[in-house]
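Peer 1: Dropping the structure in here first, questions after.
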2 protein chains.
Amino acid sequence: MNDILVMGHKNPDTDSICSSLIMANLVKKYGKDAKAVRLGNISKETEFVLNFLKIEAPELVEKVEEGQKLVLVDHNELAQSATGRENAKVLAVVDHHRIADFCTIEPLYYLAKPYGCTATILFEQYKALGIEINKEIGTLMLSAIVSDTLLLKSPTCTETDIKAVKELEDITGLKANEYGLEMLKAGTDLSTYSSQEVINLDAKEFCANDKKIVISQVNTADIEDVFSRKEELEFAMEKEISDKKLNLFMFVITDIINTNSKIIALGSDKELVEKAFDKKLDEFDSMLLEGVVSRKKQIAPQILEAAK
Amino acid sequence: MNDILVMGHKNPDTDSICSSLIMANLVKKYGKDAKAVRLGNISKETEFVLNFLKIEAPELVEKVEEGQKLVLVDHNELAQSATGRENAKVLAVVDHHRIADFCTIEPLYYLAKPYGCTATILFEQYKALGIEINKEIGTLMLSAIVSDTLLLKSPTCTETDIKAVKELEDITGLKANEYGLEMLKAGTDLSTYSSQEVINLDAKEFCANDKKIVISQVNTADIEDVFSRKEELEFAMEKEISDKKLNLFMFVITDIINTNSKIIALGSDKELVEKAFDKKLDEFDSMLLEGVVSRKKQIAPQILEAAK
């Protein structure tokens, strides 16, 4: 096993995969033996990026050994991290999420900025450290930013993300609007996934006030297309709730064209959703959240606040 | 009250005070209304620095209001922070300690590096952002680094700290060995303090496995001089243990000339110290730790590991 493993979160999205590769490359520039790994399956969106660049996906890792040196990107919360992390040694974190349930015995490198994407922080680091951003690294950065910010339309998107994308367009010769839309659309094809797979494609677990909450999100170009599978999706959600003893499973279907989300909420604490958004669930345990596309900014904080 | 308060830890040491002033200056350069404040009395060592520069100590703050915007330097753990912080809004952290018991609802700026001193991280930030380091800011940085690294002799001291001090000597025209030793010596004068004050001058509280642990440290040029007050110091320690329901109070007397420490351990869990250092306490609840000067690197991790 390599000396240092660089990893994003469970159920990796495009930012987690791309930023692992980008960060591993940076660590290697400093003469360290680092390797990007992943904690789950590659999404179709990420597959589009890897195929475009003709590069392999990082190796799948199920758990980490005691004392394994880790660099974390795009997450810090224990529930989103590799099994066994509590006994591993985290050397560094680069992230753009809130900090919670993260604890070390010794000092470490920790770099967080409230940007739309981890790759934007890494873009700045490459520039600050004078490390060349070649076409491959640039494409990984551009893909991650476009993915996390939904083509710069998400409320999480900052001026810094927009500036980075402009510079990365020059470096890669790609047009974010063309390449990015193609990439996002590749990610909306759910037809080959079982319901259980769909609800786990991009699921994140949170702990608040001893409540276990999963918020899962899929992108689509047509909400009703996904919603037509509601019955089987709910069956899969109920199974997750029972298997993992969850208090709430929230499934978010996000329309990347019109930037709205429809949600389905199940679990003994589903009223947390009503409290968080001050709106009643309809008779299908569902509600439309207009203008809501960002789990990180428009959903998770509101749910966590309601669970306090 | 100012829009943003910049603060170091309770029982502020020279790094906490200097880095608050340095960071507040940086934040103000970005047009924000920021002010350095302190969470406790100024030590004689820090007083030496402020008198040398003819500047006022930051204002004393006892607690912070709900929603108050904060920037934290030189700490992150809740127990070391301002009363009421759990309901304040932490915008940014610059620190060189382990991360523990730190949680936010939203993303933030977090910059940690395993350097000897917070001011070294800020020195790098000033340079990276192209902000001028004038003589006053440079002296605050130099003072903090010399203090935290015991004149670059502590095992926490890194190459980066050493390089920063060299550059800061040029900027300030000060010799670290001369100015710094004078500063450290000013801090060893405990004669005017009551025992209760002595044991709280630089006390830090830690939580591990539901155990409340205080590790307090004083610098001296003569260990026996402080140890001669053992009886009254222990009386004060017992009172703290009972008042704050502590499991362990560890008092560390550090010889800055010979770089050793003598410790006194009291409390129901004082055997944690024996486990941490694989050495028996003598009949005076004391032991000599040769070559040990750094709470952060040579004492706290060992105690926290033993408490796991």
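Residues are referred to by chain and number: the chain letter is A, B, ... according to the order shown in the structure tokens, the number counts from 1 in that chain, and ligands are numbered separately from 1 in the order shown.
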Using only C-alpha atoms, I'd like every residue of chain B that has an atom within 8 Å of chain A; please write them out as a list in words.

Peer 2: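 Putting it all together, I get His96, His97, Arg98, Ile99, Ala100, Asp101, Phe102, Cys103, Thr104, Ile105, Glu106, Pro107, Leu108, Tyr109, Tyr110, Leu111, Ala112, Lys113, Pro114, Ala128, Lys297, Pro301, Leu304 and Glu305 of chain B.
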
Peer 1: With only C-alpha atoms as the counted atoms, please give the residues lying no more than 12 Å from Ser194 (chain A), apart from itself and same-chain residues fewer than 6 positions off, as a compact mmCIF listing (two decimals) with all heavy atoms, in the first residue's frame.

Peer 2:
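That gives us out-v1.txt:
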# COMPACT_ATOMS: atom_id res chain seq x y z
N ASN A 200 -28.65 5.86 -3.53
CA ASN A 200 -27.32 5.87 -2.91
C ASN A 200 -26.25 6.50 -3.79
O ASN A 200 -25.07 6.54 -3.40
CB ASN A 200 -26.90 4.45 -2.55
CG ASN A 200 -27.55 4.01 -1.25
OD1 ASN A 200 -27.44 4.69 -0.24
ND2 ASN A 200 -28.25 2.89 -1.29
N LEU A 201 -26.62 6.98 -4.96
CA LEU A 201 -25.63 7.52 -5.89
C LEU A 201 -24.86 8.67 -5.26
O LEU A 201 -23.64 8.76 -5.37
CB LEU A 201 -26.32 8.02 -7.17
CG LEU A 201 -26.75 6.94 -8.17
CD1 LEU A 201 -27.57 7.56 -9.28
CD2 LEU A 201 -25.54 6.21 -8.75
N ARG A 229 -40.78 7.02 -10.70
CA ARG A 229 -40.30 5.80 -10.03
C ARG A 229 -40.52 5.89 -8.52
O ARG A 229 -39.92 5.11 -7.76
CB ARG A 229 -38.81 5.58 -10.31
CG ARG A 229 -38.52 5.26 -11.77
CD ARG A 229 -37.02 5.21 -12.04
NE ARG A 229 -36.36 4.07 -11.38
CZ ARG A 229 -35.08 3.76 -11.56
NH1 ARG A 229 -34.33 4.48 -12.39
NH2 ARG A 229 -34.55 2.74 -10.94
N GLU A 232 -41.08 2.65 -6.10
CA GLU A 232 -39.93 1.76 -5.87
C GLU A 232 -38.80 2.50 -5.14
O GLU A 232 -38.08 1.92 -4.33
CB GLU A 232 -39.42 1.13 -7.18
CG GLU A 232 -39.36 2.07 -8.35
CD GLU A 232 -38.42 1.60 -9.47
OE1 GLU A 232 -37.51 0.80 -9.20
OE2 GLU A 232 -38.58 2.08 -10.61
N LEU A 233 -38.66 3.81 -5.38
CA LEU A 233 -37.65 4.60 -4.67
C LEU A 233 -37.95 4.61 -3.17
O LEU A 233 -37.07 4.44 -2.33
CB LEU A 233 -37.58 6.03 -5.20
CG LEU A 233 -36.99 6.21 -6.61
CD1 LEU A 233 -37.22 7.63 -7.12
CD2 LEU A 233 -35.50 5.88 -6.63
N PHE A 235 -39.65 2.42 -1.49
CA PHE A 235 -39.41 1.09 -0.95
C PHE A 235 -37.92 0.94 -0.57
O PHE A 235 -37.58 0.47 0.51
CB PHE A 235 -39.82 0.04 -2.00
CG PHE A 235 -39.79 -1.36 -1.48
CD1 PHE A 235 -40.82 -1.85 -0.69
CD2 PHE A 235 -38.72 -2.21 -1.78
CE1 PHE A 235 -40.79 -3.15 -0.20
CE2 PHE A 235 -38.67 -3.50 -1.29
CZ PHE A 235 -39.72 -3.98 -0.51
N ALA A 236 -37.06 1.42 -1.46
CA ALA A 236 -35.61 1.36 -1.20
C ALA A 236 -35.22 2.27 -0.03
O ALA A 236 -34.38 1.91 0.81
CB ALA A 236 -34.84 1.76 -2.46

Peer 1: DSSP on the backbone: what in region 120-197 of chain A comes out helix (DSSP H, G or I), as a PyMOL selection string?

Peer 2: chain A and resi 120-129+135-148+159-172+176-187+195-197

Peer 1: Hey, can you spit out that residue selection with N, CA and C atoms as a compact mmCIF listing (two decimals), in the first residue's frame?

Peer 2:
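Resulting contents of selection32.txt:
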# COMPACT_ATOMS: atom_id res chain seq x y z
N THR A 120 -11.51 24.31 -6.68
CA THR A 120 -11.18 25.73 -6.78
C THR A 120 -10.10 26.09 -5.75
N ILE A 121 -10.20 25.51 -4.56
CA ILE A 121 -9.17 25.73 -3.53
C ILE A 121 -7.84 25.17 -4.04
N LEU A 122 -7.89 23.99 -4.66
CA LEU A 122 -6.67 23.37 -5.18
C LEU A 122 -6.10 24.16 -6.35
N PHE A 123 -6.98 24.73 -7.17
CA PHE A 123 -6.54 25.61 -8.26
C PHE A 123 -5.69 26.76 -7.69
N GLU A 124 -6.20 27.37 -6.62
CA GLU A 124 -5.46 28.46 -5.97
C GLU A 124 -4.13 27.97 -5.39
N GLN A 125 -4.16 26.77 -4.80
CA GLN A 125 -2.93 26.23 -4.20
C GLN A 125 -1.87 25.96 -5.27
N TYR A 126 -2.28 25.36 -6.37
CA TYR A 126 -1.34 25.12 -7.48
C TYR A 126 -0.67 26.43 -7.88
N LYS A 127 -1.49 27.47 -8.03
CA LYS A 127 -0.95 28.75 -8.46
C LYS A 127 -0.04 29.35 -7.39
N ALA A 128 -0.46 29.28 -6.13
CA ALA A 128 0.33 29.85 -5.05
C ALA A 128 1.68 29.13 -4.91
N LEU A 129 1.68 27.83 -5.17
CA LEU A 129 2.91 27.04 -5.00
C LEU A 129 3.71 26.97 -6.31
N LYS A 135 -3.08 20.31 -19.10
CA LYS A 135 -4.44 20.16 -19.63
C LYS A 135 -5.25 19.14 -18.84
N GLU A 136 -4.59 18.04 -18.43
CA GLU A 136 -5.32 16.99 -17.70
C GLU A 136 -5.79 17.50 -16.34
N ILE A 137 -4.85 18.07 -15.58
CA ILE A 137 -5.21 18.59 -14.26
C ILE A 137 -6.25 19.71 -14.41
N GLY A 138 -6.06 20.55 -15.42
CA GLY A 138 -7.01 21.64 -15.67
C GLY A 138 -8.40 21.13 -15.99
N THR A 139 -8.49 20.05 -16.76
CA THR A 139 -9.79 19.48 -17.10
C THR A 139 -10.46 18.86 -15.86
N LEU A 140 -9.66 18.22 -15.03
CA LEU A 140 -10.20 17.68 -13.78
C LEU A 140 -10.77 18.81 -12.92
N MET A 141 -10.02 19.93 -12.84
CA MET A 141 -10.49 21.07 -12.05
C MET A 141 -11.77 21.66 -12.62
N LEU A 142 -11.76 21.89 -13.92
CA LEU A 142 -12.94 22.47 -14.59
C LEU A 142 -14.16 21.58 -14.39
N SER A 143 -13.99 20.27 -14.56
CA SER A 143 -15.11 19.33 -14.42
C SER A 143 -15.69 19.38 -13.02
N ALA A 144 -14.81 19.38 -12.02
CA ALA A 144 -15.26 19.39 -10.64
C ALA A 144 -16.04 20.66 -10.33
N ILE A 145 -15.53 21.80 -10.78
CA ILE A 145 -16.19 23.08 -10.47
C ILE A 145 -17.56 23.15 -11.16
N VAL A 146 -17.59 22.78 -12.44
CA VAL A 146 -18.87 22.80 -13.17
C VAL A 146 -19.88 21.87 -12.50
N SER A 147 -19.40 20.72 -12.05
CA SER A 147 -20.28 19.75 -11.40
C SER A 147 -20.83 20.29 -10.08
N ASP A 148 -19.94 20.76 -9.20
CA ASP A 148 -20.38 21.21 -7.88
C ASP A 148 -21.23 22.47 -7.94
N GLU A 159 -17.36 34.16 -6.64
CA GLU A 159 -16.58 34.86 -7.67
C GLU A 159 -15.30 34.10 -7.99
N THR A 160 -14.72 33.50 -6.95
CA THR A 160 -13.46 32.77 -7.13
C THR A 160 -13.65 31.56 -8.04
N ASP A 161 -14.79 30.86 -7.88
CA ASP A 161 -15.07 29.72 -8.76
C ASP A 161 -15.21 30.18 -10.21
N ILE A 162 -15.90 31.31 -10.39
CA ILE A 162 -16.14 31.82 -11.75
C ILE A 162 -14.82 32.22 -12.41
N LYS A 163 -13.96 32.89 -11.62
CA LYS A 163 -12.65 33.30 -12.14
C LYS A 163 -11.80 32.08 -12.50
N ALA A 164 -11.87 31.07 -11.64
CA ALA A 164 -11.08 29.85 -11.88
C ALA A 164 -11.52 29.19 -13.18
N VAL A 165 -12.84 29.10 -13.38
CA VAL A 165 -13.35 28.46 -14.59
C VAL A 165 -12.87 29.21 -15.84
N LYS A 166 -12.90 30.54 -15.76
CA LYS A 166 -12.42 31.34 -16.92
C LYS A 166 -10.97 31.00 -17.25
N GLU A 167 -10.13 30.99 -16.23
CA GLU A 167 -8.71 30.66 -16.46
C GLU A 167 -8.55 29.23 -16.95
N LEU A 168 -9.37 28.33 -16.41
CA LEU A 168 -9.26 26.91 -16.79
C LEU A 168 -9.74 26.68 -18.23
N GLU A 169 -10.69 27.50 -18.69
CA GLU A 169 -11.11 27.41 -20.10
C GLU A 169 -9.92 27.72 -21.01
N ASP A 170 -9.13 28.72 -20.62
CA ASP A 170 -7.94 29.06 -21.42
C ASP A 170 -6.92 27.93 -21.40
N ILE A 171 -6.70 27.37 -20.22
CA ILE A 171 -5.70 26.30 -20.08
C ILE A 171 -6.10 25.06 -20.86
N THR A 172 -7.38 24.70 -20.80
CA THR A 172 -7.81 23.42 -21.38
C THR A 172 -8.33 23.57 -22.81
N ALA A 176 -16.77 25.80 -20.95
CA ALA A 176 -17.47 25.24 -19.79
C ALA A 176 -18.94 24.96 -20.12
N ASN A 177 -19.57 25.86 -20.88
CA ASN A 177 -20.99 25.69 -21.19
C ASN A 177 -21.27 24.48 -22.07
N GLU A 178 -20.33 24.17 -22.96
CA GLU A 178 -20.56 23.04 -23.87
C GLU A 178 -20.12 21.73 -23.21
N TYR A 179 -18.82 21.69 -22.87
CA TYR A 179 -18.27 20.48 -22.24
C TYR A 179 -19.03 20.17 -20.95
N GLY A 180 -19.28 21.20 -20.16
CA GLY A 180 -19.90 21.02 -18.85
C GLY A 180 -21.33 20.51 -18.93
N LEU A 181 -22.10 21.04 -19.88
CA LEU A 181 -23.49 20.61 -20.01
C LEU A 181 -23.54 19.14 -20.45
N GLU A 182 -22.62 18.80 -21.36
CA GLU A 182 -22.54 17.40 -21.81
C GLU A 182 -22.22 16.48 -20.62
N MET A 183 -21.28 16.93 -19.80
CA MET A 183 -20.90 16.16 -18.62
C MET A 183 -22.07 16.02 -17.65
N LEU A 184 -22.75 17.13 -17.34
CA LEU A 184 -23.88 17.08 -16.40
C LEU A 184 -24.98 16.17 -16.94
N LYS A 185 -25.25 16.26 -18.24
CA LYS A 185 -26.30 15.43 -18.82
C LYS A 185 -25.95 13.95 -18.74
N ALA A 186 -24.67 13.64 -18.93
CA ALA A 186 -24.25 12.24 -18.80
C ALA A 186 -24.60 11.70 -17.42
N GLY A 187 -24.56 12.60 -16.42
CA GLY A 187 -24.84 12.20 -15.05
C GLY A 187 -26.31 12.03 -14.73
N SER A 195 -33.43 1.04 -8.00
CA SER A 195 -33.86 2.10 -7.07
C SER A 195 -32.88 2.24 -5.92
N GLN A 196 -32.42 1.10 -5.44
CA GLN A 196 -31.47 1.15 -4.33
C GLN A 196 -30.20 1.88 -4.75
N GLU A 197 -29.78 1.66 -5.98
CA GLU A 197 -28.60 2.37 -6.48
C GLU A 197 -28.87 3.86 -6.64

Peer 1: I'd like the neighbourhood of Ile4 (chain B) as a list of chain:residue names, where a residue qualifies if any of its atoms comes within 12 Å (using only C-alpha atoms), though same-chain residues fewer than 3 positions away should be ignored.

Peer 2: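 So the residues in contact are B:Met1, B:Met7, B:Ser20, B:Met23, B:Ala24, B:Asn25, B:Val27, B:Lys28, B:Gly31, B:Lys32, B:Asp33, B:Ala34, B:Lys35, B:Ala36, B:Val37, B:Val64, B:Glu65, B:Gly67, B:Gln68, B:Lys69, B:Leu70, B:Val71, B:Leu72, B:Ala88, B:Lys89, B:Val90, B:Leu91, B:Ala92.
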
Peer 1: Would you mind listing what lies within 10 Å of Lys153 (chain B) as an MDAnalysis selection string, with only C-alpha atoms counted and same-chain residues fewer than 6 positions away left out?

Peer 2: chainID B and resid 146 256:257 259 293:294

Peer 1: From the list A:Ser242, A:Gln217, A:Asn134, A:Thr83, which residue is nearest Lys262 (chain A) when using only C-alpha atoms?

Peer 2: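 Smallest separation from Lys262 (chain A) among the options: A:Gln217.
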
Peer 1: As a list in words, please: the residues near Asn11 (chain A) (cut-off 9 Å, only C-alpha atoms, same-chain neighbours under 2 positions excluded).

Peer 2: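 Once the nearby chain positions are removed, what remains is Gly8, His9, Asp13, Ser16, Arg38, Leu39, Gly40, Asn41, Ile42, Ser43, Gln80, Asn200, Leu201, Asp202, Ala203 and Lys204 of chain A.
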
Peer 1: Convert the current residue selection to file output with all heavy atoms, as a tab-separated table (two decimals), in the first residue's frame.

Peer 2:
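Output saved as result06.tsv:
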chain	number	residue	atom	x	y	z
A	8	GLY	N	-11.59	11.30	-1.33
A	8	GLY	CA	-12.78	12.12	-1.13
A	8	GLY	C	-13.78	11.36	-0.29
A	8	GLY	O	-13.43	10.39	0.39
A	9	HIS	N	-15.06	11.78	-0.34
A	9	HIS	CA	-16.05	11.17	0.52
A	9	HIS	C	-16.65	9.89	-0.08
A	9	HIS	O	-16.44	9.59	-1.24
A	9	HIS	CB	-17.16	12.17	0.87
A	9	HIS	CG	-17.80	12.84	-0.31
A	9	HIS	ND1	-18.68	12.20	-1.14
A	9	HIS	CD2	-17.68	14.11	-0.79
A	9	HIS	CE1	-19.09	13.04	-2.07
A	9	HIS	NE2	-18.49	14.20	-1.89
A	13	ASP	N	-18.66	12.02	-5.60
A	13	ASP	CA	-19.13	12.80	-6.74
A	13	ASP	C	-17.92	13.21	-7.58
A	13	ASP	O	-16.79	12.82	-7.28
A	13	ASP	CB	-19.96	14.01	-6.26
A	13	ASP	CG	-19.16	14.92	-5.35
A	13	ASP	OD1	-17.94	14.70	-5.19
A	13	ASP	OD2	-19.75	15.86	-4.79
A	16	SER	N	-15.12	14.95	-5.60
A	16	SER	CA	-14.33	14.04	-4.75
A	16	SER	C	-13.31	13.25	-5.57
A	16	SER	O	-12.17	13.09	-5.14
A	16	SER	CB	-15.25	13.07	-3.99
A	16	SER	OG	-15.54	13.58	-2.71
A	38	ARG	N	-10.68	5.82	-4.09
A	38	ARG	CA	-12.08	6.25	-4.00
A	38	ARG	C	-12.82	5.33	-3.04
A	38	ARG	O	-12.46	4.17	-2.86
A	38	ARG	CB	-12.74	6.24	-5.37
A	38	ARG	CG	-12.86	4.86	-5.99
A	38	ARG	CD	-13.40	4.92	-7.43
A	38	ARG	NE	-13.06	3.70	-8.14
A	38	ARG	CZ	-13.83	2.62	-8.23
A	38	ARG	NH1	-15.01	2.61	-7.65
A	38	ARG	NH2	-13.44	1.54	-8.88
A	39	LEU	N	-13.89	5.88	-2.44
A	39	LEU	CA	-14.63	5.13	-1.42
A	39	LEU	C	-15.96	4.63	-1.95
A	39	LEU	O	-16.87	4.35	-1.16
A	39	LEU	CB	-14.87	6.03	-0.20
A	39	LEU	CG	-13.65	6.62	0.49
A	39	LEU	CD1	-14.06	7.34	1.76
A	39	LEU	CD2	-12.63	5.54	0.83
A	40	GLY	N	-16.08	4.50	-3.27
A	40	GLY	CA	-17.35	4.00	-3.80
A	40	GLY	C	-17.34	4.05	-5.31
A	40	GLY	O	-16.33	4.38	-5.94
A	41	ASN	N	-18.49	3.72	-5.88
A	41	ASN	CA	-18.59	3.65	-7.34
A	41	ASN	C	-18.49	5.02	-8.00
A	41	ASN	O	-18.85	6.03	-7.40
A	41	ASN	CB	-19.93	3.02	-7.74
A	41	ASN	CG	-19.98	1.56	-7.33
A	41	ASN	OD1	-18.95	0.89	-7.26
A	41	ASN	ND2	-21.18	1.08	-7.05
A	42	ILE	N	-18.00	5.00	-9.22
A	42	ILE	CA	-17.90	6.20	-10.05
A	42	ILE	C	-19.27	6.48	-10.66
A	42	ILE	O	-19.93	5.57	-11.19
A	42	ILE	CB	-16.88	5.91	-11.19
A	42	ILE	CG1	-15.48	5.70	-10.62
A	42	ILE	CG2	-16.90	7.00	-12.25
A	42	ILE	CD1	-14.83	6.93	-10.09
A	43	SER	N	-19.72	7.73	-10.59
A	43	SER	CA	-21.01	8.08	-11.22
A	43	SER	C	-20.83	8.19	-12.73
A	43	SER	O	-19.71	8.27	-13.24
A	43	SER	CB	-21.49	9.42	-10.68
A	43	SER	OG	-20.68	10.46	-11.21
A	80	GLN	N	-18.78	10.36	6.65
A	80	GLN	CA	-18.62	10.40	5.19
A	80	GLN	C	-17.28	9.84	4.75
A	80	GLN	O	-16.94	9.86	3.57
A	80	GLN	CB	-18.76	11.85	4.71
A	80	GLN	CG	-20.13	12.44	4.99
A	80	GLN	CD	-20.18	13.95	4.84
A	80	GLN	OE1	-19.24	14.55	4.36
A	80	GLN	NE2	-21.27	14.55	5.28
A	200	ASN	N	-28.65	5.86	-3.53
A	200	ASN	CA	-27.32	5.87	-2.91
A	200	ASN	C	-26.25	6.50	-3.79
A	200	ASN	O	-25.07	6.54	-3.40
A	200	ASN	CB	-26.90	4.45	-2.55
A	200	ASN	CG	-27.55	4.01	-1.25
A	200	ASN	OD1	-27.44	4.69	-0.24
A	200	ASN	ND2	-28.25	2.89	-1.29
A	201	LEU	N	-26.62	6.98	-4.96
A	201	LEU	CA	-25.63	7.52	-5.89
A	201	LEU	C	-24.86	8.67	-5.26
A	201	LEU	O	-23.64	8.76	-5.37
A	201	LEU	CB	-26.32	8.02	-7.17
A	201	LEU	CG	-26.75	6.94	-8.17
A	201	LEU	CD1	-27.57	7.56	-9.28
A	201	LEU	CD2	-25.54	6.21	-8.75
A	202	ASP	N	-25.55	9.57	-4.61
A	202	ASP	CA	-24.89	10.71	-3.96
A	202	ASP	C	-25.59	10.96	-2.63
A	202	ASP	O	-26.26	11.97	-2.44
A	202	ASP	CB	-24.94	11.94	-4.89
A	202	ASP	CG	-24.27	13.14	-4.26
A	202	ASP	OD1	-23.59	12.98	-3.22
A	202	ASP	OD2	-24.42	14.25	-4.81
A	203	ALA	N	-25.44	9.99	-1.72
A	203	ALA	CA	-26.08	10.08	-0.41
A	203	ALA	C	-25.03	10.50	0.61
A	203	ALA	O	-23.92	10.00	0.61
A	203	ALA	CB	-26.66	8.73	-0.02
A	204	LYS	N	-25.39	11.46	1.46
A	204	LYS	CA	-24.48	11.86	2.53
A	204	LYS	C	-25.17	11.70	3.86
A	204	LYS	O	-26.33	12.07	4.02
A	204	LYS	CB	-24.04	13.31	2.36
A	204	LYS	CG	-22.91	13.44	1.37
A	204	LYS	CD	-22.25	14.78	1.46
A	204	LYS	CE	-21.22	14.89	0.34
A	204	LYS	NZ	-20.79	16.25	0.15

Peer 1: Skip Phe227 (chain B) itself and residues of its chain fewer than 2 positions away, then list as a PDB file with N, CA and C atoms, in the first residue's frame all residues within 10 Å of it, counting only C-alpha atoms.

Peer 2:
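As a result, result-v4.pdb now contains:
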ATOM      1  N   ASP B 222      14.559  28.754  36.653  1.00  0.00           N
ATOM      2  CA  ASP B 222      15.003  27.951  37.807  1.00  0.00           C
ATOM      3  C   ASP B 222      13.818  27.147  38.358  1.00  0.00           C
ATOM      4  N   ILE B 223      13.770  25.871  37.994  1.00  0.00           N
ATOM      5  CA  ILE B 223      12.646  25.021  38.389  1.00  0.00           C
ATOM      6  C   ILE B 223      12.438  25.022  39.903  1.00  0.00           C
ATOM      7  N   GLU B 224      13.524  24.904  40.668  1.00  0.00           N
ATOM      8  CA  GLU B 224      13.386  24.767  42.122  1.00  0.00           C
ATOM      9  C   GLU B 224      12.776  26.012  42.756  1.00  0.00           C
ATOM     10  N   ASP B 225      13.001  27.133  42.124  1.00  0.00           N
ATOM     11  CA  ASP B 225      12.422  28.381  42.595  1.00  0.00           C
ATOM     12  C   ASP B 225      10.884  28.290  42.602  1.00  0.00           C
ATOM     13  N   ARG B 229       7.315  26.593  45.996  1.00  0.00           N
ATOM     14  CA  ARG B 229       5.953  27.017  46.355  1.00  0.00           C
ATOM     15  C   ARG B 229       4.963  25.851  46.229  1.00  0.00           C
ATOM     16  N   LYS B 230       5.502  24.620  46.160  1.00  0.00           N
ATOM     17  CA  LYS B 230       4.688  23.449  45.842  1.00  0.00           C
ATOM     18  C   LYS B 230       3.428  23.326  46.708  1.00  0.00           C
ATOM     19  N   GLU B 231       3.598  23.530  48.003  1.00  0.00           N
ATOM     20  CA  GLU B 231       2.480  23.292  48.911  1.00  0.00           C
ATOM     21  C   GLU B 231       1.288  24.200  48.577  1.00  0.00           C
ATOM     22  N   LEU B 233       0.822  25.824  45.777  1.00  0.00           N
ATOM     23  CA  LEU B 233       0.368  25.553  44.405  1.00  0.00           C
ATOM     24  C   LEU B 233      -0.599  24.377  44.394  1.00  0.00           C
ATOM     25  N   ILE B 253       6.219  22.828  35.008  1.00  0.00           N
ATOM     26  CA  ILE B 253       7.186  23.906  35.224  1.00  0.00           C
ATOM     27  C   ILE B 253       8.341  23.686  34.242  1.00  0.00           C
ATOM     28  N   LYS B 262       9.503  19.915  35.013  1.00  0.00           N
ATOM     29  CA  LYS B 262       9.091  19.152  36.186  1.00  0.00           C
ATOM     30  C   LYS B 262       7.578  19.318  36.275  1.00  0.00           C
ATOM     31  N   ILE B 263       6.875  18.202  36.517  1.00  0.00           N
ATOM     32  CA  ILE B 263       5.420  18.327  36.563  1.00  0.00           C
ATOM     33  C   ILE B 263       4.890  17.912  37.928  1.00  0.00           C
ATOM     34  N   ILE B 264       3.711  18.448  38.251  1.00  0.00           N
ATOM     35  CA  ILE B 264       2.951  18.025  39.424  1.00  0.00           C
ATOM     36  C   ILE B 264       1.581  17.591  38.910  1.00  0.00           C
TER      37      ILE B 264
END

Peer 1: If I take CA of Ser216 (chain A) and CA of Ile199 (chain A), how far is one from the other in Å, to one decimal?

Peer 2: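 Pair CA of Ser216 (chain A) / CA of Ile199 (chain A) returns 6.2 Å.
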